[in-house]
Amino acid sequence: MRLARIAMAACAVVLGALPASAAGVDKLYILYCGEAAAADQSRWSPGVNVGVPIELSDNCYLIHHAQGWFLWDTGLADAVAAAPDGVTAANGALHLKRTKTLAAQLDALGVKPAEIKAMAISHTHPDHIGNVELFPQVMLYVQKAEYEWPGEGGAPRFNPNHPVTLLEGDRDVFGDGSVTILSTPGHTPGHQALLVRLPKTGAVVLSGDAVHFKDNWDNRRLPSMNTSKEQTLASMQRIADILAKEHAQLWINHDKPQSDAQMKAPDYYE
Ligand SMILES: [Zn+2]
């Protein structure tokens, strides 16, 4: 027993000397990745708040782990920033805007796209996958169900040349429990959320679009566009259970009041 313990301690010391086994997250930056306005929020809550306008945030999250940078979600395409008044989408139901690019924000932090070690997107809607190809050689973690979900006209949702790790469930990205991809299908077939364990802030779950804003979370409402109602409700419950177990906060990507109250890059959460 004692010998085993000493042997394990010795291994830990040796492994600790290798950068590949360096553990833990020390910084999480929230990056502005666009914004949206809709004239009718019942798009996300059928039959409720019909005709009530809503504004939504759209964030990306850059996480610094001892083994390197990890990017969660990529927001609206940087090209949208070329239209200062924004663009309309979803047959006019949405007005989308980007007042600064993801590339410029990374540059301001001194992070080159090629320096990012790995990335993941919550799902393949355009306000989340817009800049995946800013990082053509960065390993992308995506659920197999999302990867294989046919796009418009049966087109693939990803550039087939992009390096990818296909997941069928959760994934502890760095092997130390600090960054864990959570399989939370329902909004799309392979939707995923992210659990980040920060040393000072504590545990945080980044929602993706498992829920769009707090009112829908509190009332378990879901948009009619979701691919599965049952899966969505099960995923919301799963997230609620994880929040309770981890004493974690839920950071809802598109909830503008919550997002407005959060620190944005260059400030960061520790
Ligand atoms: Zn979505």
# chains A, B, ... in the order shown; residues from 1 in each chain; ligands from 1
>>> closest_atom_pairs(of="chain A", to="ligand 1", cutoff="12 Å", atoms="only C-alpha atoms and all ligand atoms", output="tab-separated table")
residue	atom	partner	partner_atom_place_in_ligand_line	distance
A:Arg43	CA	ligand 1	1 (Zn)	11.9
A:Trp44	CA	ligand 1	1 (Zn)	10.3
A:Leu56	CA	ligand 1	1 (Zn)	11.9
A:Asp58	CA	ligand 1	1 (Zn)	10.5
A:Asp73	CA	ligand 1	1 (Zn)	11.2
A:Gly75	CA	ligand 1	1 (Zn)	10.6
A:Leu76	CA	ligand 1	1 (Zn)	11.4
A:Ala90	CA	ligand 1	1 (Zn)	11.9
A:Ile121	CA	ligand 1	1 (Zn)	10.7
A:Ser122	CA	ligand 1	1 (Zn)	8.4
A:His123	CA	ligand 1	1 (Zn)	6.7
A:Thr124	CA	ligand 1	1 (Zn)	7.3
A:His125	CA	ligand 1	1 (Zn)	4.9
A:Pro126	CA	ligand 1	1 (Zn)	7.7
A:Asp127	CA	ligand 1	1 (Zn)	7.1
A:His128	CA	ligand 1	1 (Zn)	7.3
A:Ile129	CA	ligand 1	1 (Zn)	9.9
A:Gly130	CA	ligand 1	1 (Zn)	12.0
A:Pro185	CA	ligand 1	1 (Zn)	11.4
A:Gly186	CA	ligand 1	1 (Zn)	10.3
A:His187	CA	ligand 1	1 (Zn)	6.7
A:Thr188	CA	ligand 1	1 (Zn)	7.5
A:Pro189	CA	ligand 1	1 (Zn)	11.2
A:Gly190	CA	ligand 1	1 (Zn)	11.3
A:His191	CA	ligand 1	1 (Zn)	8.8
A:Gln192	CA	ligand 1	1 (Zn)	10.9
A:Ala193	CA	ligand 1	1 (Zn)	11.9
A:Ser207	CA	ligand 1	1 (Zn)	10.7
A:Gly208	CA	ligand 1	1 (Zn)	7.6
A:Asp209	CA	ligand 1	1 (Zn)	5.2
A:Ala210	CA	ligand 1	1 (Zn)	8.3
A:Val211	CA	ligand 1	1 (Zn)	9.1
A:His212	CA	ligand 1	1 (Zn)	8.3
A:Leu222	CA	ligand 1	1 (Zn)	11.4
A:Pro223	CA	ligand 1	1 (Zn)	9.7
A:Ser224	CA	ligand 1	1 (Zn)	11.5
A:Met225	CA	ligand 1	1 (Zn)	8.8
A:Asn226	CA	ligand 1	1 (Zn)	8.3
A:Thr227	CA	ligand 1	1 (Zn)	10.5
A:Asn253	CA	ligand 1	1 (Zn)	10.3
A:His254	CA	ligand 1	1 (Zn)	9.6
>>> select_by_dssp(residues="stretch 9-122 of chain A", states="alpha helix (DSSP H)", output="PyMOL selection string")
chain A and resi 9-16+102-108
>>> write_last_selection(atoms="C-alpha atoms", output="PDB file, in the first residue's frame")
ATOM      1  CA  ALA A   9       3.760  10.155  -5.856  1.00  0.00           C
ATOM      2  CA  ALA A  10       6.999   9.599  -7.788  1.00  0.00           C
ATOM      3  CA  CYS A  11       5.022   9.214 -11.030  1.00  0.00           C
ATOM      4  CA  ALA A  12       3.142  12.406 -10.293  1.00  0.00           C
ATOM      5  CA  VAL A  13       6.421  14.261  -9.840  1.00  0.00           C
ATOM      6  CA  VAL A  14       7.862  12.905 -13.094  1.00  0.00           C
ATOM      7  CA  LEU A  15       4.642  13.585 -15.018  1.00  0.00           C
ATOM      8  CA  GLY A  16       4.416  17.004 -13.421  1.00  0.00           C
ATOM      9  CA  LEU A 102     -12.877  37.643 -33.126  1.00  0.00           C
ATOM     10  CA  ALA A 103      -9.528  37.928 -34.936  1.00  0.00           C
ATOM     11  CA  ALA A 104      -9.007  41.484 -33.600  1.00  0.00           C
ATOM     12  CA  GLN A 105      -9.864  40.440 -30.040  1.00  0.00           C
ATOM     13  CA  LEU A 106      -7.413  37.528 -30.128  1.00  0.00           C
ATOM     14  CA  ASP A 107      -4.791  39.856 -31.554  1.00  0.00           C
ATOM     15  CA  ALA A 108      -5.390  42.346 -28.733  1.00  0.00           C
TER      16      ALA A 108
END
>>> residues_around(residues="A:Leu28", least_positions_apart="2", cutoff="8 Å", atoms="only C-alpha atoms", output="PyMOL selection string")
chain A and resi 25-26+30+61-64+268-270
>>> write_last_selection(atoms="N, CA and C atoms", output="mmCIF file, in the first residue's frame")
data_model
loop_
_atom_site.group_PDB
_atom_site.id
_atom_site.type_symbol
_atom_site.label_atom_id
_atom_site.label_comp_id
_atom_site.auth_asym_id
_atom_site.auth_seq_id
_atom_site.Cartn_x
_atom_site.Cartn_y
_atom_site.Cartn_z
ATOM 1 N N VAL A 25 -6.928 25.159 -15.178
ATOM 2 C CA VAL A 25 -7.250 26.354 -15.948
ATOM 3 C C VAL A 25 -6.920 27.548 -15.074
ATOM 4 N N ASP A 26 -6.329 28.609 -15.648
ATOM 5 C CA ASP A 26 -6.102 29.791 -14.814
ATOM 6 C C ASP A 26 -6.845 31.036 -15.302
ATOM 7 N N ILE A 30 -14.194 36.166 -21.695
ATOM 8 C CA ILE A 30 -15.425 36.221 -22.496
ATOM 9 C C ILE A 30 -15.183 37.214 -23.624
ATOM 10 N N TYR A 61 -15.681 32.051 -25.783
ATOM 11 C CA TYR A 61 -14.971 31.922 -24.508
ATOM 12 C C TYR A 61 -13.583 31.353 -24.775
ATOM 13 N N LEU A 62 -12.593 32.082 -24.324
ATOM 14 C CA LEU A 62 -11.204 31.658 -24.530
ATOM 15 C C LEU A 62 -10.630 31.273 -23.167
ATOM 16 N N ILE A 63 -10.195 30.034 -23.081
ATOM 17 C CA ILE A 63 -9.770 29.475 -21.802
ATOM 18 C C ILE A 63 -8.277 29.175 -21.848
ATOM 19 N N HIS A 64 -7.565 29.635 -20.829
ATOM 20 C CA HIS A 64 -6.143 29.294 -20.773
ATOM 21 C C HIS A 64 -5.910 28.159 -19.790
ATOM 22 N N TYR A 268 -10.611 39.059 -17.240
ATOM 23 C CA TYR A 268 -10.853 37.603 -17.296
ATOM 24 C C TYR A 268 -11.235 37.066 -15.935
ATOM 25 N N TYR A 269 -11.849 35.897 -15.970
ATOM 26 C CA TYR A 269 -12.201 35.170 -14.750
ATOM 27 C C TYR A 269 -11.082 34.194 -14.398
ATOM 28 N N GLU A 270 -10.805 34.092 -13.109
ATOM 29 C CA GLU A 270 -9.759 33.158 -12.663
ATOM 30 C C GLU A 270 -10.380 31.989 -11.917
#
>>> residues_around(residues="A:Ser259", least_positions_apart="2", cutoff="12 Å", atoms="only C-alpha atoms", output="list in words")
Ile30, Leu31, Tyr32, Cys33, Gly34, Glu35, Glu55, Leu56, Ser57, Asp58, Asn59, Cys60, Tyr61, Leu206, His212, Phe213, Lys214, Leu250, Trp251, Ile252, Asn253, His254, Asp255, Lys256, Pro257, Ala261, Gln262, Met263 and Lys264 of chain A
>>> atom_distance(atom1="atom CA of A:Ser21", atom2="atom CA of A:Leu195")
19.5 Å
>>> residues_around(residues="stretch 154-163 of chain A", least_positions_apart="2", cutoff="9 Å", atoms="only C-alpha atoms", output="PDB file with all heavy atoms, in the first residue's frame")
ATOM      1  N   THR A 124     -23.833  23.671 -34.571  1.00  0.00           N
ATOM      2  CA  THR A 124     -23.465  24.182 -35.898  1.00  0.00           C
ATOM      3  C   THR A 124     -24.357  25.311 -36.413  1.00  0.00           C
ATOM      4  O   THR A 124     -24.394  25.553 -37.621  1.00  0.00           O
ATOM      5  CB  THR A 124     -23.451  23.030 -36.926  1.00  0.00           C
ATOM      6  OG1 THR A 124     -24.687  22.310 -36.839  1.00  0.00           O
ATOM      7  CG2 THR A 124     -22.298  22.094 -36.672  1.00  0.00           C
ATOM      8  N   VAL A 132     -14.923  29.020 -37.457  1.00  0.00           N
ATOM      9  CA  VAL A 132     -14.154  27.776 -37.275  1.00  0.00           C
ATOM     10  C   VAL A 132     -12.923  27.762 -38.184  1.00  0.00           C
ATOM     11  O   VAL A 132     -11.830  27.356 -37.776  1.00  0.00           O
ATOM     12  CB  VAL A 132     -15.055  26.538 -37.527  1.00  0.00           C
ATOM     13  CG1 VAL A 132     -14.215  25.268 -37.638  1.00  0.00           C
ATOM     14  CG2 VAL A 132     -16.084  26.390 -36.410  1.00  0.00           C
ATOM     15  N   GLU A 133     -13.074  28.275 -39.402  1.00  0.00           N
ATOM     16  CA  GLU A 133     -11.953  28.205 -40.351  1.00  0.00           C
ATOM     17  C   GLU A 133     -10.928  29.339 -40.194  1.00  0.00           C
ATOM     18  O   GLU A 133     -10.007  29.468 -40.996  1.00  0.00           O
ATOM     19  CB  GLU A 133     -12.462  28.083 -41.783  1.00  0.00           C
ATOM     20  CG  GLU A 133     -13.118  26.721 -42.069  1.00  0.00           C
ATOM     21  CD  GLU A 133     -12.260  25.515 -41.646  1.00  0.00           C
ATOM     22  OE1 GLU A 133     -11.034  25.555 -41.841  1.00  0.00           O
ATOM     23  OE2 GLU A 133     -12.819  24.553 -41.086  1.00  0.00           O
ATOM     24  N   PHE A 135      -9.219  28.966 -37.776  1.00  0.00           N
ATOM     25  CA  PHE A 135      -8.295  28.076 -37.041  1.00  0.00           C
ATOM     26  C   PHE A 135      -8.179  26.745 -37.787  1.00  0.00           C
ATOM     27  O   PHE A 135      -8.524  25.690 -37.255  1.00  0.00           O
ATOM     28  CB  PHE A 135      -8.843  27.834 -35.623  1.00  0.00           C
ATOM     29  CG  PHE A 135      -9.294  29.093 -34.940  1.00  0.00           C
ATOM     30  CD1 PHE A 135     -10.624  29.512 -35.024  1.00  0.00           C
ATOM     31  CD2 PHE A 135      -8.398  29.880 -34.237  1.00  0.00           C
ATOM     32  CE1 PHE A 135     -11.039  30.690 -34.416  1.00  0.00           C
ATOM     33  CE2 PHE A 135      -8.808  31.058 -33.626  1.00  0.00           C
ATOM     34  CZ  PHE A 135     -10.134  31.467 -33.720  1.00  0.00           C
ATOM     35  N   PRO A 136      -7.714  26.790 -39.045  1.00  0.00           N
ATOM     36  CA  PRO A 136      -7.826  25.602 -39.903  1.00  0.00           C
ATOM     37  C   PRO A 136      -7.063  24.388 -39.403  1.00  0.00           C
ATOM     38  O   PRO A 136      -7.422  23.266 -39.751  1.00  0.00           O
ATOM     39  CB  PRO A 136      -7.271  26.080 -41.250  1.00  0.00           C
ATOM     40  CG  PRO A 136      -6.462  27.299 -40.943  1.00  0.00           C
ATOM     41  CD  PRO A 136      -7.068  27.921 -39.724  1.00  0.00           C
ATOM     42  N   GLN A 137      -6.019  24.600 -38.565  1.00  0.00           N
ATOM     43  CA  GLN A 137      -5.263  23.418 -38.125  1.00  0.00           C
ATOM     44  C   GLN A 137      -5.489  23.086 -36.657  1.00  0.00           C
ATOM     45  O   GLN A 137      -4.827  22.220 -36.105  1.00  0.00           O
ATOM     46  CB  GLN A 137      -3.773  23.535 -38.470  1.00  0.00           C
ATOM     47  CG  GLN A 137      -2.968  24.619 -37.760  1.00  0.00           C
ATOM     48  CD  GLN A 137      -3.218  26.019 -38.289  1.00  0.00           C
ATOM     49  OE1 GLN A 137      -4.242  26.634 -37.987  1.00  0.00           O
ATOM     50  NE2 GLN A 137      -2.286  26.559 -39.054  1.00  0.00           N
ATOM     51  N   VAL A 138      -6.450  23.755 -36.033  1.00  0.00           N
ATOM     52  CA  VAL A 138      -6.704  23.508 -34.609  1.00  0.00           C
ATOM     53  C   VAL A 138      -7.702  22.360 -34.439  1.00  0.00           C
ATOM     54  O   VAL A 138      -8.759  22.349 -35.068  1.00  0.00           O
ATOM     55  CB  VAL A 138      -7.235  24.792 -33.926  1.00  0.00           C
ATOM     56  CG1 VAL A 138      -7.606  24.517 -32.471  1.00  0.00           C
ATOM     57  CG2 VAL A 138      -6.192  25.915 -34.007  1.00  0.00           C
ATOM     58  N   MET A 139      -7.349  21.406 -33.586  1.00  0.00           N
ATOM     59  CA  MET A 139      -8.207  20.247 -33.336  1.00  0.00           C
ATOM     60  C   MET A 139      -9.581  20.688 -32.834  1.00  0.00           C
ATOM     61  O   MET A 139      -9.693  21.436 -31.870  1.00  0.00           O
ATOM     62  CB  MET A 139      -7.540  19.325 -32.309  1.00  0.00           C
ATOM     63  CG  MET A 139      -8.361  18.105 -31.924  1.00  0.00           C
ATOM     64  SD  MET A 139      -8.899  17.113 -33.353  1.00  0.00           S
ATOM     65  CE  MET A 139      -7.336  16.390 -33.851  1.00  0.00           C
ATOM     66  N   LEU A 140     -10.607  20.212 -33.501  1.00  0.00           N
ATOM     67  CA  LEU A 140     -11.991  20.573 -33.185  1.00  0.00           C
ATOM     68  C   LEU A 140     -12.701  19.366 -32.566  1.00  0.00           C
ATOM     69  O   LEU A 140     -12.683  18.273 -33.134  1.00  0.00           O
ATOM     70  CB  LEU A 140     -12.689  20.984 -34.482  1.00  0.00           C
ATOM     71  CG  LEU A 140     -14.176  21.277 -34.435  1.00  0.00           C
ATOM     72  CD1 LEU A 140     -14.449  22.570 -33.673  1.00  0.00           C
ATOM     73  CD2 LEU A 140     -14.738  21.384 -35.857  1.00  0.00           C
ATOM     74  N   TYR A 141     -13.298  19.588 -31.392  1.00  0.00           N
ATOM     75  CA  TYR A 141     -14.070  18.536 -30.728  1.00  0.00           C
ATOM     76  C   TYR A 141     -15.548  18.740 -31.031  1.00  0.00           C
ATOM     77  O   TYR A 141     -16.108  19.785 -30.719  1.00  0.00           O
ATOM     78  CB  TYR A 141     -13.852  18.579 -29.214  1.00  0.00           C
ATOM     79  CG  TYR A 141     -12.488  18.136 -28.781  1.00  0.00           C
ATOM     80  CD1 TYR A 141     -11.414  19.023 -28.771  1.00  0.00           C
ATOM     81  CD2 TYR A 141     -12.248  16.812 -28.389  1.00  0.00           C
ATOM     82  CE1 TYR A 141     -10.147  18.615 -28.388  1.00  0.00           C
ATOM     83  CE2 TYR A 141     -10.993  16.397 -27.996  1.00  0.00           C
ATOM     84  CZ  TYR A 141      -9.950  17.301 -28.002  1.00  0.00           C
ATOM     85  OH  TYR A 141      -8.702  16.893 -27.616  1.00  0.00           O
ATOM     86  N   GLU A 146     -23.538  15.589 -34.482  1.00  0.00           N
ATOM     87  CA  GLU A 146     -23.589  16.926 -35.078  1.00  0.00           C
ATOM     88  C   GLU A 146     -22.817  16.931 -36.399  1.00  0.00           C
ATOM     89  O   GLU A 146     -23.257  17.509 -37.391  1.00  0.00           O
ATOM     90  CB  GLU A 146     -22.981  17.953 -34.110  1.00  0.00           C
ATOM     91  CG  GLU A 146     -23.251  19.401 -34.486  1.00  0.00           C
ATOM     92  CD  GLU A 146     -24.665  19.862 -34.116  1.00  0.00           C
ATOM     93  OE1 GLU A 146     -25.420  19.076 -33.496  1.00  0.00           O
ATOM     94  OE2 GLU A 146     -25.009  21.008 -34.455  1.00  0.00           O
ATOM     95  N   TYR A 147     -21.665  16.272 -36.365  1.00  0.00           N
ATOM     96  CA  TYR A 147     -20.795  16.235 -37.546  1.00  0.00           C
ATOM     97  C   TYR A 147     -21.510  15.587 -38.727  1.00  0.00           C
ATOM     98  O   TYR A 147     -21.385  16.030 -39.860  1.00  0.00           O
ATOM     99  CB  TYR A 147     -19.512  15.471 -37.210  1.00  0.00           C
ATOM    100  CG  TYR A 147     -18.391  15.727 -38.188  1.00  0.00           C
ATOM    101  CD1 TYR A 147     -17.565  16.831 -38.046  1.00  0.00           C
ATOM    102  CD2 TYR A 147     -18.159  14.856 -39.262  1.00  0.00           C
ATOM    103  CE1 TYR A 147     -16.535  17.083 -38.942  1.00  0.00           C
ATOM    104  CE2 TYR A 147     -17.135  15.095 -40.157  1.00  0.00           C
ATOM    105  CZ  TYR A 147     -16.317  16.206 -39.989  1.00  0.00           C
ATOM    106  OH  TYR A 147     -15.303  16.457 -40.884  1.00  0.00           O
ATOM    107  N   GLU A 148     -22.257  14.549 -38.423  1.00  0.00           N
ATOM    108  CA  GLU A 148     -22.894  13.781 -39.502  1.00  0.00           C
ATOM    109  C   GLU A 148     -24.291  14.286 -39.847  1.00  0.00           C
ATOM    110  O   GLU A 148     -24.926  13.777 -40.777  1.00  0.00           O
ATOM    111  CB  GLU A 148     -22.935  12.293 -39.117  1.00  0.00           C
ATOM    112  CG  GLU A 148     -21.529  11.715 -39.053  1.00  0.00           C
ATOM    113  CD  GLU A 148     -21.487  10.267 -38.598  1.00  0.00           C
ATOM    114  OE1 GLU A 148     -22.535   9.744 -38.139  1.00  0.00           O
ATOM    115  OE2 GLU A 148     -20.400   9.664 -38.705  1.00  0.00           O
ATOM    116  N   TRP A 149     -24.786  15.278 -39.100  1.00  0.00           N
ATOM    117  CA  TRP A 149     -26.114  15.846 -39.365  1.00  0.00           C
ATOM    118  C   TRP A 149     -26.054  16.590 -40.694  1.00  0.00           C
ATOM    119  O   TRP A 149     -25.274  17.539 -40.835  1.00  0.00           O
ATOM    120  CB  TRP A 149     -26.455  16.796 -38.212  1.00  0.00           C
ATOM    121  CG  TRP A 149     -27.799  17.442 -38.261  1.00  0.00           C
ATOM    122  CD1 TRP A 149     -28.955  16.934 -38.771  1.00  0.00           C
ATOM    123  CD2 TRP A 149     -28.128  18.751 -37.737  1.00  0.00           C
ATOM    124  NE1 TRP A 149     -29.979  17.833 -38.591  1.00  0.00           N
ATOM    125  CE2 TRP A 149     -29.502  18.948 -37.969  1.00  0.00           C
ATOM    126  CE3 TRP A 149     -27.391  19.754 -37.097  1.00  0.00           C
ATOM    127  CZ2 TRP A 149     -30.163  20.116 -37.580  1.00  0.00           C
ATOM    128  CZ3 TRP A 149     -28.043  20.922 -36.709  1.00  0.00           C
ATOM    129  CH2 TRP A 149     -29.410  21.086 -36.945  1.00  0.00           C
ATOM    130  N   PRO A 150     -26.836  16.182 -41.676  1.00  0.00           N
ATOM    131  CA  PRO A 150     -26.722  16.833 -42.986  1.00  0.00           C
ATOM    132  C   PRO A 150     -27.083  18.315 -42.923  1.00  0.00           C
ATOM    133  O   PRO A 150     -28.047  18.698 -42.267  1.00  0.00           O
ATOM    134  CB  PRO A 150     -27.736  16.069 -43.856  1.00  0.00           C
ATOM    135  CG  PRO A 150     -28.017  14.802 -43.126  1.00  0.00           C
ATOM    136  CD  PRO A 150     -27.836  15.103 -41.670  1.00  0.00           C
ATOM    137  N   GLY A 151     -26.301  19.136 -43.577  1.00  0.00           N
ATOM    138  CA  GLY A 151     -26.595  20.566 -43.685  1.00  0.00           C
ATOM    139  C   GLY A 151     -27.560  20.816 -44.837  1.00  0.00           C
ATOM    140  O   GLY A 151     -28.156  19.876 -45.384  1.00  0.00           O
ATOM    141  N   GLU A 152     -27.695  22.086 -45.197  1.00  0.00           N
ATOM    142  CA  GLU A 152     -28.618  22.449 -46.268  1.00  0.00           C
ATOM    143  C   GLU A 152     -28.286  21.703 -47.550  1.00  0.00           C
ATOM    144  O   GLU A 152     -27.122  21.677 -47.976  1.00  0.00           O
ATOM    145  CB  GLU A 152     -28.548  23.958 -46.513  1.00  0.00           C
ATOM    146  CG  GLU A 152     -29.809  24.674 -46.054  1.00  0.00           C
ATOM    147  CD  GLU A 152     -29.751  26.157 -46.354  1.00  0.00           C
ATOM    148  OE1 GLU A 152     -29.621  26.513 -47.544  1.00  0.00           O
ATOM    149  OE2 GLU A 152     -29.821  26.932 -45.386  1.00  0.00           O
ATOM    150  N   THR A 165     -11.998  15.657 -33.734  1.00  0.00           N
ATOM    151  CA  THR A 165     -12.181  14.508 -32.846  1.00  0.00           C
ATOM    152  C   THR A 165     -13.674  14.338 -32.658  1.00  0.00           C
ATOM    153  O   THR A 165     -14.341  15.227 -32.118  1.00  0.00           O
ATOM    154  CB  THR A 165     -11.496  14.750 -31.485  1.00  0.00           C
ATOM    155  OG1 THR A 165     -10.094  14.949 -31.698  1.00  0.00           O
ATOM    156  CG2 THR A 165     -11.699  13.568 -30.549  1.00  0.00           C
TER     157      THR A 165
END
>>> residues_around(residues="A:Gln237", least_positions_apart="3", cutoff="12 Å", atoms="only C-alpha atoms", output="compact mmCIF listing (two decimals) with all heavy atoms, in the first residue's frame")
# COMPACT_ATOMS: atom_id res chain seq x y z
N THR A 184 -25.17 17.38 -24.62
CA THR A 184 -26.50 17.91 -24.24
C THR A 184 -27.35 18.09 -25.50
O THR A 184 -27.65 19.22 -25.90
CB THR A 184 -26.35 19.26 -23.50
OG1 THR A 184 -25.47 20.12 -24.26
CG2 THR A 184 -25.79 19.10 -22.11
N PRO A 185 -27.74 16.99 -26.13
CA PRO A 185 -28.46 17.09 -27.40
C PRO A 185 -29.88 17.65 -27.22
O PRO A 185 -30.40 17.69 -26.11
CB PRO A 185 -28.51 15.63 -27.87
CG PRO A 185 -28.46 14.82 -26.62
CD PRO A 185 -27.57 15.60 -25.68
N GLY A 186 -30.47 18.04 -28.33
CA GLY A 186 -31.86 18.49 -28.30
C GLY A 186 -32.08 19.77 -29.11
O GLY A 186 -32.97 19.83 -29.95
N ALA A 210 -28.32 25.20 -25.17
CA ALA A 210 -29.18 24.29 -24.41
C ALA A 210 -30.36 25.09 -23.86
O ALA A 210 -31.45 24.55 -23.65
CB ALA A 210 -28.40 23.64 -23.28
N VAL A 211 -30.10 26.38 -23.64
CA VAL A 211 -31.16 27.34 -23.28
C VAL A 211 -30.69 28.69 -23.80
O VAL A 211 -29.49 28.95 -23.87
CB VAL A 211 -31.40 27.35 -21.75
CG1 VAL A 211 -30.17 27.79 -21.00
CG2 VAL A 211 -32.59 28.23 -21.39
N TRP A 217 -34.99 29.18 -19.13
CA TRP A 217 -34.39 28.23 -18.18
C TRP A 217 -35.32 28.03 -16.98
O TRP A 217 -35.64 26.91 -16.60
CB TRP A 217 -33.02 28.74 -17.73
CG TRP A 217 -32.39 27.91 -16.66
CD1 TRP A 217 -32.28 28.22 -15.34
CD2 TRP A 217 -31.81 26.61 -16.82
NE1 TRP A 217 -31.65 27.21 -14.67
CE2 TRP A 217 -31.35 26.20 -15.54
CE3 TRP A 217 -31.63 25.75 -17.91
CZ2 TRP A 217 -30.73 24.98 -15.33
CZ3 TRP A 217 -31.01 24.52 -17.69
CH2 TRP A 217 -30.56 24.15 -16.42
N ASP A 218 -35.78 29.15 -16.41
CA ASP A 218 -36.62 29.07 -15.22
C ASP A 218 -37.93 28.33 -15.50
O ASP A 218 -38.47 27.67 -14.62
CB ASP A 218 -36.94 30.48 -14.71
CG ASP A 218 -35.70 31.19 -14.16
OD1 ASP A 218 -34.71 30.49 -13.87
OD2 ASP A 218 -35.73 32.43 -14.04
N ASN A 219 -38.42 28.45 -16.71
CA ASN A 219 -39.72 27.85 -17.05
C ASN A 219 -39.61 26.64 -17.96
O ASN A 219 -40.62 26.13 -18.43
CB ASN A 219 -40.61 28.91 -17.71
CG ASN A 219 -40.95 30.03 -16.74
OD1 ASN A 219 -41.74 29.83 -15.82
ND2 ASN A 219 -40.33 31.20 -16.90
N ARG A 220 -38.37 26.20 -18.20
CA ARG A 220 -38.14 25.02 -19.06
C ARG A 220 -38.87 25.15 -20.40
O ARG A 220 -39.51 24.22 -20.87
CB ARG A 220 -38.58 23.73 -18.35
CG ARG A 220 -37.72 23.34 -17.17
CD ARG A 220 -36.33 22.92 -17.64
NE ARG A 220 -35.56 22.28 -16.59
CZ ARG A 220 -34.81 22.94 -15.69
NH1 ARG A 220 -34.73 24.25 -15.75
NH2 ARG A 220 -34.15 22.28 -14.76
N GLU A 230 -37.80 16.13 -26.32
CA GLU A 230 -37.45 15.24 -25.20
C GLU A 230 -35.97 15.36 -24.84
O GLU A 230 -35.60 15.45 -23.67
CB GLU A 230 -37.75 13.77 -25.52
CG GLU A 230 -39.21 13.42 -25.62
CD GLU A 230 -39.76 13.66 -27.02
OE1 GLU A 230 -39.33 12.95 -27.94
OE2 GLU A 230 -40.59 14.57 -27.19
N GLN A 231 -35.13 15.34 -25.87
CA GLN A 231 -33.69 15.46 -25.61
C GLN A 231 -33.36 16.81 -24.98
O GLN A 231 -32.54 16.88 -24.08
CB GLN A 231 -32.89 15.31 -26.91
CG GLN A 231 -32.76 13.87 -27.39
CD GLN A 231 -31.83 13.78 -28.60
OE1 GLN A 231 -31.65 14.74 -29.34
NE2 GLN A 231 -31.24 12.61 -28.80
N THR A 232 -34.03 17.87 -25.44
CA THR A 232 -33.76 19.20 -24.87
C THR A 232 -34.10 19.22 -23.39
O THR A 232 -33.31 19.70 -22.56
CB THR A 232 -34.57 20.30 -25.60
OG1 THR A 232 -34.29 20.26 -26.98
CG2 THR A 232 -34.23 21.68 -25.05
N LEU A 233 -35.28 18.70 -23.06
CA LEU A 233 -35.70 18.72 -21.64
C LEU A 233 -34.78 17.85 -20.80
O LEU A 233 -34.41 18.23 -19.67
CB LEU A 233 -37.16 18.28 -21.52
CG LEU A 233 -38.17 19.29 -22.11
CD1 LEU A 233 -39.58 18.70 -22.14
CD2 LEU A 233 -38.16 20.62 -21.34
N ALA A 234 -34.36 16.71 -21.34
CA ALA A 234 -33.44 15.84 -20.61
C ALA A 234 -32.09 16.53 -20.42
O ALA A 234 -31.47 16.45 -19.35
CB ALA A 234 -33.26 14.52 -21.35
N ALA A 240 -29.04 21.00 -14.96
CA ALA A 240 -29.48 21.39 -13.60
C ALA A 240 -28.86 20.49 -12.55
O ALA A 240 -28.42 20.96 -11.49
CB ALA A 240 -31.01 21.34 -13.51
N ASP A 241 -28.78 19.20 -12.83
CA ASP A 241 -28.17 18.25 -11.88
C ASP A 241 -26.67 18.55 -11.70
O ASP A 241 -26.15 18.48 -10.58
CB ASP A 241 -28.35 16.81 -12.37
CG ASP A 241 -29.82 16.36 -12.33
OD1 ASP A 241 -30.63 17.04 -11.65
OD2 ASP A 241 -30.16 15.36 -12.99
N ILE A 242 -26.01 18.87 -12.80
CA ILE A 242 -24.57 19.18 -12.73
C ILE A 242 -24.35 20.48 -11.96
O ILE A 242 -23.44 20.58 -11.13
CB ILE A 242 -23.96 19.24 -14.15
CG1 ILE A 242 -23.92 17.83 -14.75
CG2 ILE A 242 -22.56 19.85 -14.13
CD1 ILE A 242 -23.62 17.76 -16.23
N LEU A 243 -25.20 21.48 -12.18
CA LEU A 243 -25.08 22.74 -11.44
C LEU A 243 -25.19 22.48 -9.94
O LEU A 243 -24.42 23.04 -9.15
CB LEU A 243 -26.19 23.72 -11.85
CG LEU A 243 -26.19 24.23 -13.31
CD1 LEU A 243 -27.37 25.17 -13.53
CD2 LEU A 243 -24.88 24.91 -13.67
N ALA A 244 -26.14 21.62 -9.57
CA ALA A 244 -26.34 21.33 -8.15
C ALA A 244 -25.14 20.59 -7.57
O ALA A 244 -24.62 20.94 -6.51
CB ALA A 244 -27.62 20.51 -7.97
>>> atom_distance(atom1="atom CA of A:Thr74", atom2="atom CA of A:Ile181")
15.6 Å
>>> closest_residue(among="A:Lys229, A:Lys112, A:Arg171, A:His247", to="A:Gly202", atoms="only C-alpha atoms")
A:His247
>>> select_by_dssp(residues="stretch 68-213 of chain A", states="strand (DSSP E)", output="number ranges by chain")
A: 68-72, 87-89, 94-97, 116-120, 139-143, 164-167, 171-172, 179-183, 192-198, 202-206
>>> residues_around(residues="A:Thr88", least_positions_apart="2", cutoff="12 Å", atoms="only C-alpha atoms", output="list of chain:residue names")
A:Glu35, A:Ala36, A:Ala37, A:Ala38, A:Ala39, A:Val80, A:Ala83, A:Asp85, A:Gly86, A:Ala90, A:Asn91, A:Gly92, A:Ala93, A:Leu94, A:His95, A:Leu96, A:Lys97
